[in-house]
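Only one structure is covered here, and it is reproduced in the block below.
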Amino acid sequence: MPPMKKILIVDDNLQNLYMLEIMLKTNGFEVDQALNGAGALEMAHQSPPDMIVSDILMPVMDGFSLCRNWMADKDLKDIPFIFYTATYTDYKDEVFALSLGADRFLVKPMAPDDFLAVIQDVFKTHPTHIQTTAEKPAEKESQYYKEYSEVLIHKLEDKMAQLEQTNKRLTALYQASCNLVSIKSLPALIHAVLYSMVETAGYQQANYFHLNENENKLCLLDTVGISVQKTDERMFFELDEEQGLVGLVAKNRQIINIADIALEPRLMGMEETIHSALYVPVQYENRILGVLSLFSMDMDAFQKEDEHHVSSFANSLAVSIKNIQAEEALSRQNLLLTALMNSPVDDAIFSVDQNYRYTTFNEKHRLEMQKTWHVDIQEGMNLLELLTGSDSHHLMKQSIDRVLTGEAFMDIQYQPDTGIYYEFNWNPIWQDQTHVMGVTAFIRNVTERMQAQEKILQFNAELEKRVFERTAQLEAVNQELETFSYSVSHDLRAPLRAILGFSGMITRDYRDSLDAQGQHYFDNIVAASTRMDRLIDDLLQYSRLGRRGIRHEPVNLDSLFASLTSDLSERLSADRAVLTIASDLPTLLSDRTLLTQIFTNLLDNAITYHPKDRPVQVSVTWQREESSYVICVSDNGIGIPAEYHEKIFNAFQRLHNQEEYPGSGIGLATVKKSVLLLGGDVRVESQVGKGSTFSVYLPGEKA
Ligand code: ADP
């Protein structure tokens with residue numbers, strides 16, 4: 001295997017060196033590196049390479065001097081020398097370089113394959129000995145310096161021209177940057193920027209396409225230079241479609257640099273004078289705001305530096321656009337706020353900062369402060385200082401301090417001096433999620449409302465008092481009535497008992513001595529007195545209800561109905577009645593005596609009121625309804641006409657005479673009173689000829 005060939009590469013740009021090194025090493029060469037001509041000579045003396053590839057423009061010693069020294073050195077002159085340059089690209093430069101003895105003059109950048117082919121070719125064709133400048137006579141020497149300085153001057157001129165161009169462009173960007181801060185309207189700003197690009201930087205045309213967020217379209221906002229119709233169809237681009245170069249730049253958010261417009265089909269129909277173009281996205285926090293496009297009459301007018309400068313300018317432009325938009329939004333909001341605050345509302349509105357200083361207030365508040373406190377308030381004035389010494393000072397401070405902790409609330413303040421009630425709606429103004437920077441208050445004069453409320457309260461109190469008095473009166477009358485009916489019943493009892501006692505004696509001892517007519521009259525007296533006795537008993541029981549107070553004890557309805565059934569057993573069998581009682585009746589917290597009264601009367605009626613020719617069937621069932629227990633006593637008896645469903649609960653209300661169905665007419669009144677005393681109710685559902693159901697609603701939880 002032949003030994004590896006070593007190539008010395010010389011360049012002051014580390015990146016260029018690195019790229020070359022990688023390319024050569026991966027293709028089987030050994031590589032040495034130097035950063036300038038002097039370094040290259042030193043390295044070559046220490047370890048001569050098989051070839052040298054050198055840049056031209058370098059500090060300390062440039063490529064031309066290196067080549068000249070190389071060729072003058074007897075140890076090095078036979079080693080092939082290649083120039084590889086990006087700056088000296090003129091034909092004159094090449095002629096001069098080759099005249100120094102170099103094998104080749106290559107212009108950067110070159111495709112790796114082409115570059116390697118040249119190297120191989122040089123290795124093959126390089127003459128072992130060529131004539132070098134060292135061997136040239138003196139006049140040749142002066143010729144060299146002449147040519148060398150010509151090339152240098154030429155280069156210097158080029159550089160100057162380039163610098164001037166760059167300077168112009170930087171000046172344009174600087175001017176445009178100054179506008180970024182000072183101009184406060186978007187169209188004016190864009191126009192100034194585009195103007196600088198054309199007038200100062202010397203571009204042929206500059207456009208700005210602005211994103212209309214509502215329509216998701218980029219529209220030509222302004223153009224300076226060669227005139228372009230704004231209504232032209234080409235001047236609108238959809239954001240997400242890659243329509244035209246503007247759409248593409250906006251979508252990918254990357255610069256597009258077109259060195260030769262003739263080779264770009266998407267730019268057909270451009271002005272003939274234009275040869276190259278640069279499209280730069282204007283974006284803020286990764287969102288596209290617009291696209292800036294610049295056109296030049298020169299081919300390849302936009303260098304890497306231009307791209308860099310214009311794109312950093314585009315970033316600043318984006319910030320300015322955002323600022324202008326934010327300021328516009330803010331001023332719109334301000335206008336709206338002022339309009340709102342001064343619209344004919346009833347509320348006085350103000351806001352203060354953390355130091356109680358006014359930040360805003362509306363006309364209404366200004367007038368009220370003038371009227372009440374005789375001050376002309378202004379932004380920045382300390383509200384608390386204005387109220388110093390008054391009761392309001394303390395109240396106001398307390399409320400504002402509370403809102404400053406982040407609480408929103410409403411309070412009503414009364415001004416004793418004016419007799420006015422104010423309703424304050426307080427709200428914190430948040431700076432961010434944790435800091436309150438101020439306070440707003442909506443103040444409304446609510447004196448009328450408060451006075452009306454006060455009247456209602458007074459009226460209510462009076463009403464309550466009257467109801468209380470009336471109830472007391474009614475209770476007293478009731479009490480009196482009850483006492484009266486109790487004592488009447490009680491007092492009637494004694495003479496009645498006497499009548500019954502003597503009637504008994506007459507029946508026993510003298511009945512037989514009366515003729516049939518007399519016996520009949522006498523029997524009537526006994527029957528009427530017995531009925532009256534029962535009536536008085538029932539009445540007494542009715543008026544005694546609840547006198548001893550209501551108890552709340554566990555009452556097991558199963559056992560209560562069992563004892564009622566046993567009391568009724570004789571009557572049931574006499575009437576051939578069938579009584580069915582639900583087996584799982586609940587235990588309630590209630591009053592056993594009252595419950596006994598209720599169900600005795602209901603069962604009694606259910607057994608009583610049936611057609612004589614048909615035995616009755618009675619059933620007791622129950623259910624839960626919301627917070628009540630409902631106990632139902634149903635029969636298949638004679639039923640009750642609908643118009644009496646309410647009335648039958650009144651005392652002495654009977655629908656039959658004694659012959660048909662005996663009774664006192666107090667049973668259901670007793671049921672009603674007992675149920676009401678227990679806080680419940682009783683209702684009847686009935687159809688004549690079919691039967692009745694009495695439902696007793698008892699409140700309360702299970703015991
Ligand atoms: P009494 O039964 O002593 O007449 P009540 O107050 O218990 O007095 O009843 C009032 C009236 O209601 C009764 O006279 C009767 O006409 C009617 N009534 C009560 N319960 C029933 C029932 N279960 N079926 C038909 N009618 C009834």
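Residue numbering restarts at 1 for every chain of the structure tokens, chains are lettered A, B, ... in their displayed order, and ligands are numbered from 1 as they appear.
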
Which polymer residues have any atom within 10 Å of an atom of His435 of chain A, counting only C-alpha atoms, with same-chain residues fewer than 3 positions away left out, as a PDB file with all heavy atoms, in the first residue's frame?
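Generated output (selection19.pdb):
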ATOM      1  N   LEU A 404     -57.710  45.761  49.046  1.00  0.00           N
ATOM      2  CA  LEU A 404     -56.301  45.594  48.655  1.00  0.00           C
ATOM      3  C   LEU A 404     -55.786  44.198  49.007  1.00  0.00           C
ATOM      4  O   LEU A 404     -54.761  43.759  48.487  1.00  0.00           O
ATOM      5  CB  LEU A 404     -55.424  46.663  49.328  1.00  0.00           C
ATOM      6  CG  LEU A 404     -55.518  48.057  48.694  1.00  0.00           C
ATOM      7  CD1 LEU A 404     -54.782  49.090  49.537  1.00  0.00           C
ATOM      8  CD2 LEU A 404     -54.967  48.055  47.272  1.00  0.00           C
ATOM      9  N   THR A 405     -56.489  43.498  49.891  1.00  0.00           N
ATOM     10  CA  THR A 405     -56.084  42.110  50.179  1.00  0.00           C
ATOM     11  C   THR A 405     -56.628  41.167  49.117  1.00  0.00           C
ATOM     12  O   THR A 405     -56.389  39.978  49.153  1.00  0.00           O
ATOM     13  CB  THR A 405     -56.607  41.632  51.557  1.00  0.00           C
ATOM     14  OG1 THR A 405     -58.038  41.597  51.481  1.00  0.00           O
ATOM     15  CG2 THR A 405     -56.164  42.529  52.687  1.00  0.00           C
ATOM     16  N   GLY A 406     -57.402  41.715  48.156  1.00  0.00           N
ATOM     17  CA  GLY A 406     -57.870  40.877  47.045  1.00  0.00           C
ATOM     18  C   GLY A 406     -59.346  40.527  47.144  1.00  0.00           C
ATOM     19  O   GLY A 406     -59.863  39.806  46.311  1.00  0.00           O
ATOM     20  N   PRO A 428     -60.998  44.604  43.526  1.00  0.00           N
ATOM     21  CA  PRO A 428     -59.554  44.803  43.418  1.00  0.00           C
ATOM     22  C   PRO A 428     -59.126  44.902  41.950  1.00  0.00           C
ATOM     23  O   PRO A 428     -59.765  44.306  41.086  1.00  0.00           O
ATOM     24  CB  PRO A 428     -58.964  43.541  44.055  1.00  0.00           C
ATOM     25  CG  PRO A 428     -60.047  42.523  43.999  1.00  0.00           C
ATOM     26  CD  PRO A 428     -61.360  43.245  43.926  1.00  0.00           C
ATOM     27  N   ILE A 429     -58.049  45.662  41.674  1.00  0.00           N
ATOM     28  CA  ILE A 429     -57.461  45.667  40.322  1.00  0.00           C
ATOM     29  C   ILE A 429     -56.183  44.850  40.429  1.00  0.00           C
ATOM     30  O   ILE A 429     -55.251  45.232  41.141  1.00  0.00           O
ATOM     31  CB  ILE A 429     -57.119  47.100  39.865  1.00  0.00           C
ATOM     32  CG1 ILE A 429     -58.372  47.978  39.951  1.00  0.00           C
ATOM     33  CG2 ILE A 429     -56.571  47.097  38.458  1.00  0.00           C
ATOM     34  CD1 ILE A 429     -58.072  49.451  39.728  1.00  0.00           C
ATOM     35  N   TRP A 430     -56.171  43.723  39.738  1.00  0.00           N
ATOM     36  CA  TRP A 430     -55.026  42.809  39.862  1.00  0.00           C
ATOM     37  C   TRP A 430     -53.922  43.207  38.897  1.00  0.00           C
ATOM     38  O   TRP A 430     -54.200  43.454  37.723  1.00  0.00           O
ATOM     39  CB  TRP A 430     -55.465  41.379  39.553  1.00  0.00           C
ATOM     40  CG  TRP A 430     -56.395  40.824  40.577  1.00  0.00           C
ATOM     41  CD1 TRP A 430     -57.760  40.817  40.511  1.00  0.00           C
ATOM     42  CD2 TRP A 430     -56.050  40.228  41.824  1.00  0.00           C
ATOM     43  NE1 TRP A 430     -58.271  40.249  41.642  1.00  0.00           N
ATOM     44  CE2 TRP A 430     -57.249  39.874  42.470  1.00  0.00           C
ATOM     45  CE3 TRP A 430     -54.841  39.952  42.474  1.00  0.00           C
ATOM     46  CZ2 TRP A 430     -57.277  39.263  43.716  1.00  0.00           C
ATOM     47  CZ3 TRP A 430     -54.883  39.340  43.718  1.00  0.00           C
ATOM     48  CH2 TRP A 430     -56.089  39.005  44.324  1.00  0.00           C
ATOM     49  N   GLN A 431     -52.701  43.258  39.426  1.00  0.00           N
ATOM     50  CA  GLN A 431     -51.555  43.545  38.564  1.00  0.00           C
ATOM     51  C   GLN A 431     -51.172  42.255  37.848  1.00  0.00           C
ATOM     52  O   GLN A 431     -50.950  42.218  36.664  1.00  0.00           O
ATOM     53  CB  GLN A 431     -50.396  44.016  39.426  1.00  0.00           C
ATOM     54  CG  GLN A 431     -49.194  44.420  38.629  1.00  0.00           C
ATOM     55  CD  GLN A 431     -48.199  45.127  39.519  1.00  0.00           C
ATOM     56  OE1 GLN A 431     -48.332  45.167  40.739  1.00  0.00           O
ATOM     57  NE2 GLN A 431     -47.200  45.693  38.927  1.00  0.00           N
ATOM     58  N   ASP A 432     -51.068  41.192  38.606  1.00  0.00           N
ATOM     59  CA  ASP A 432     -50.928  39.855  38.050  1.00  0.00           C
ATOM     60  C   ASP A 432     -51.785  38.991  38.957  1.00  0.00           C
ATOM     61  O   ASP A 432     -52.617  39.501  39.677  1.00  0.00           O
ATOM     62  CB  ASP A 432     -49.450  39.422  38.022  1.00  0.00           C
ATOM     63  CG  ASP A 432     -48.775  39.650  39.353  1.00  0.00           C
ATOM     64  OD1 ASP A 432     -49.392  39.299  40.377  1.00  0.00           O
ATOM     65  OD2 ASP A 432     -47.665  40.193  39.377  1.00  0.00           O
ATOM     66  N   GLY A 438     -54.509  48.159  42.847  1.00  0.00           N
ATOM     67  CA  GLY A 438     -55.428  49.242  43.157  1.00  0.00           C
ATOM     68  C   GLY A 438     -56.819  48.717  43.408  1.00  0.00           C
ATOM     69  O   GLY A 438     -57.042  47.506  43.528  1.00  0.00           O
TER      70      GLY A 438
END

Please give me, as a compact mmCIF listing (two decimals) with N, CA and C atoms, in the first residue's frame, the residues lying within 6 Å of ligand 1 when counting only C-alpha atoms and all ligand atoms.
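Written file, pocket_7.txt:
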# COMPACT_ATOMS: atom_id res chain seq x y z
N ASN A 605 -116.13 4.65 62.71
CA ASN A 605 -116.93 5.12 61.57
C ASN A 605 -116.91 4.11 60.44
N ALA A 606 -115.69 3.56 60.15
CA ALA A 606 -115.57 2.63 59.02
C ALA A 606 -116.48 1.42 59.22
N TYR A 609 -120.53 2.91 59.07
CA TYR A 609 -121.23 3.43 57.89
C TYR A 609 -121.15 2.48 56.70
N GLY A 637 -117.75 1.04 52.53
CA GLY A 637 -119.08 1.38 53.03
C GLY A 637 -119.87 2.28 52.11
N ILE A 638 -120.72 3.10 52.75
CA ILE A 638 -121.69 3.87 51.95
C ILE A 638 -121.08 5.06 51.23
N GLY A 639 -119.91 5.49 51.69
CA GLY A 639 -119.25 6.62 51.04
C GLY A 639 -119.85 7.96 51.46
N ILE A 640 -119.17 9.06 51.06
CA ILE A 640 -119.58 10.40 51.48
C ILE A 640 -119.68 11.27 50.24
N ILE A 648 -117.55 17.37 57.02
CA ILE A 648 -117.72 16.31 58.03
C ILE A 648 -116.73 16.43 59.18
N GLN A 653 -121.45 17.87 62.72
CA GLN A 653 -121.86 17.71 61.32
C GLN A 653 -122.16 16.23 61.08
N ARG A 654 -123.44 15.91 60.87
CA ARG A 654 -123.83 14.51 60.62
C ARG A 654 -124.62 14.46 59.32
N LEU A 655 -124.53 13.32 58.67
CA LEU A 655 -125.25 13.21 57.39
C LEU A 655 -126.46 12.27 57.51
N HIS A 656 -126.66 11.73 58.71
CA HIS A 656 -127.74 10.74 58.88
C HIS A 656 -128.45 11.00 60.20
N GLY A 663 -125.01 8.40 66.40
CA GLY A 663 -123.70 9.05 66.56
C GLY A 663 -123.86 10.44 67.10
N SER A 664 -122.75 11.06 67.52
CA SER A 664 -122.82 12.39 68.15
C SER A 664 -122.37 13.50 67.20
N GLY A 665 -121.66 13.14 66.10
CA GLY A 665 -121.17 14.16 65.17
C GLY A 665 -119.89 14.84 65.66
N ILE A 666 -119.25 14.21 66.67
CA ILE A 666 -118.01 14.84 67.18
C ILE A 666 -116.77 14.03 66.82
N GLY A 667 -116.99 12.79 66.34
CA GLY A 667 -115.87 11.88 66.07
C GLY A 667 -114.81 12.48 65.14
N LEU A 668 -115.24 12.93 63.98
CA LEU A 668 -114.24 13.41 63.02
C LEU A 668 -113.64 14.75 63.45
N ALA A 669 -114.45 15.57 64.20
CA ALA A 669 -113.89 16.82 64.74
C ALA A 669 -112.76 16.48 65.70
N SER A 692 -114.86 4.72 51.53
CA SER A 692 -114.09 5.92 51.85
C SER A 692 -112.70 5.52 52.34

### Task
Just give me the gap between atom CA of Asp613 of chain A and atom CA of Thr565 of chain A in Å, one decimal is fine.
22.9 Å

### Query
Which residues in segment 392-630 of chain A does DSSP call helix (DSSP H, G or I)? List them as a PyMOL selection string.
chain A and resi 392-404+447-513+516-544+557-574+592-608

### Query
For Glu553 of chain A, which of A:Asn13, A:Ser343, A:Ser485, A:Thr593 is the closest residue, counting only C-alpha atoms?
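Closest residue, counting only C-alpha atoms: A:Thr593.
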
### Task
In Å, rounded to a single decimal, give me how far atom CA of Cys67 of chain A is from atom CA of Val53 of chain A.
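If I compute the distance from atom CA of Val53 of chain A to atom CA of Cys67 of chain A, I get 10.3 Å.
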
### Message
Need the shell around Gln617 of chain A: protein/DNA/RNA residues with any atom at most 12 Å away, counting only C-alpha atoms. Skip same-chain ones fewer than 2 positions apart. Format as JSON, numbers by chain?
### Response
{"A": [572, 573, 575, 576, 577, 578, 579, 580, 581, 603, 606, 607, 608, 609, 610, 611, 614, 615, 619, 620, 633, 634, 635, 636, 637, 638, 690, 691, 692, 693]}

### Message
Residues within 12 Å of segment 172-185 of chain A, please, as a VMD selection string. Count only C-alpha atoms; anything in the same chain fewer than 5 positions from it doesn't count.
### Response
chain A and resid 165 to 167 190 to 203 306 308 to 328 331

Would you mind listing what lies within 12 Å of Thr372 of chain A as a PDB file with C-alpha atoms, in the first residue's frame, with only C-alpha atoms counted and same-chain residues fewer than 6 positions away left out?
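The resulting file, around-v5.pdb, is reproduced below:
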ATOM      1  CA  HIS A 365     -67.873  61.140  41.285  1.00  0.00           C
ATOM      2  CA  ARG A 366     -66.086  64.415  40.628  1.00  0.00           C
ATOM      3  CA  LEU A 386     -59.436  64.659  51.453  1.00  0.00           C
ATOM      4  CA  LEU A 387     -61.593  62.946  54.048  1.00  0.00           C
ATOM      5  CA  SER A 390     -64.478  62.830  59.069  1.00  0.00           C
ATOM      6  CA  SER A 392     -65.959  58.579  56.317  1.00  0.00           C
ATOM      7  CA  GLN A 415     -73.316  59.826  56.016  1.00  0.00           C
ATOM      8  CA  ASP A 417     -74.193  64.902  57.962  1.00  0.00           C
ATOM      9  CA  THR A 418     -76.159  64.542  54.730  1.00  0.00           C
ATOM     10  CA  GLY A 419     -78.465  61.669  55.638  1.00  0.00           C
ATOM     11  CA  ILE A 420     -77.369  59.869  52.469  1.00  0.00           C
TER      12      ILE A 420
END

### Message
Applying 9 Å and only C-alpha atoms, which residues near segment 529-531 of chain A remain after dropping the ones on its own chain fewer than 3 positions away? List them as JSON, numbers by chain.
### Response
{"A": [496, 497, 499, 500, 524, 525, 526, 534, 535, 536, 662, 663, 664]}

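Note that atom CA of Val10 of chain A and atom CA of Ala34 of chain A are 4.8 Å apart.
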
### Task
Write down as a PyMOL selection string the residues of segment 146-243 of chain A whose backbone DSSP state falls under strand (DSSP E or B).
chain A and resi 205-212+217-225+236-238

### Message
Need the shell around Gly244 of chain A: protein/DNA/RNA residues with any atom at most 9 Å away, counting only C-alpha atoms. Skip same-chain ones fewer than 5 positions apart. Format as a PyMOL selection string?
### Response
chain A and resi 234+237+249+266-267
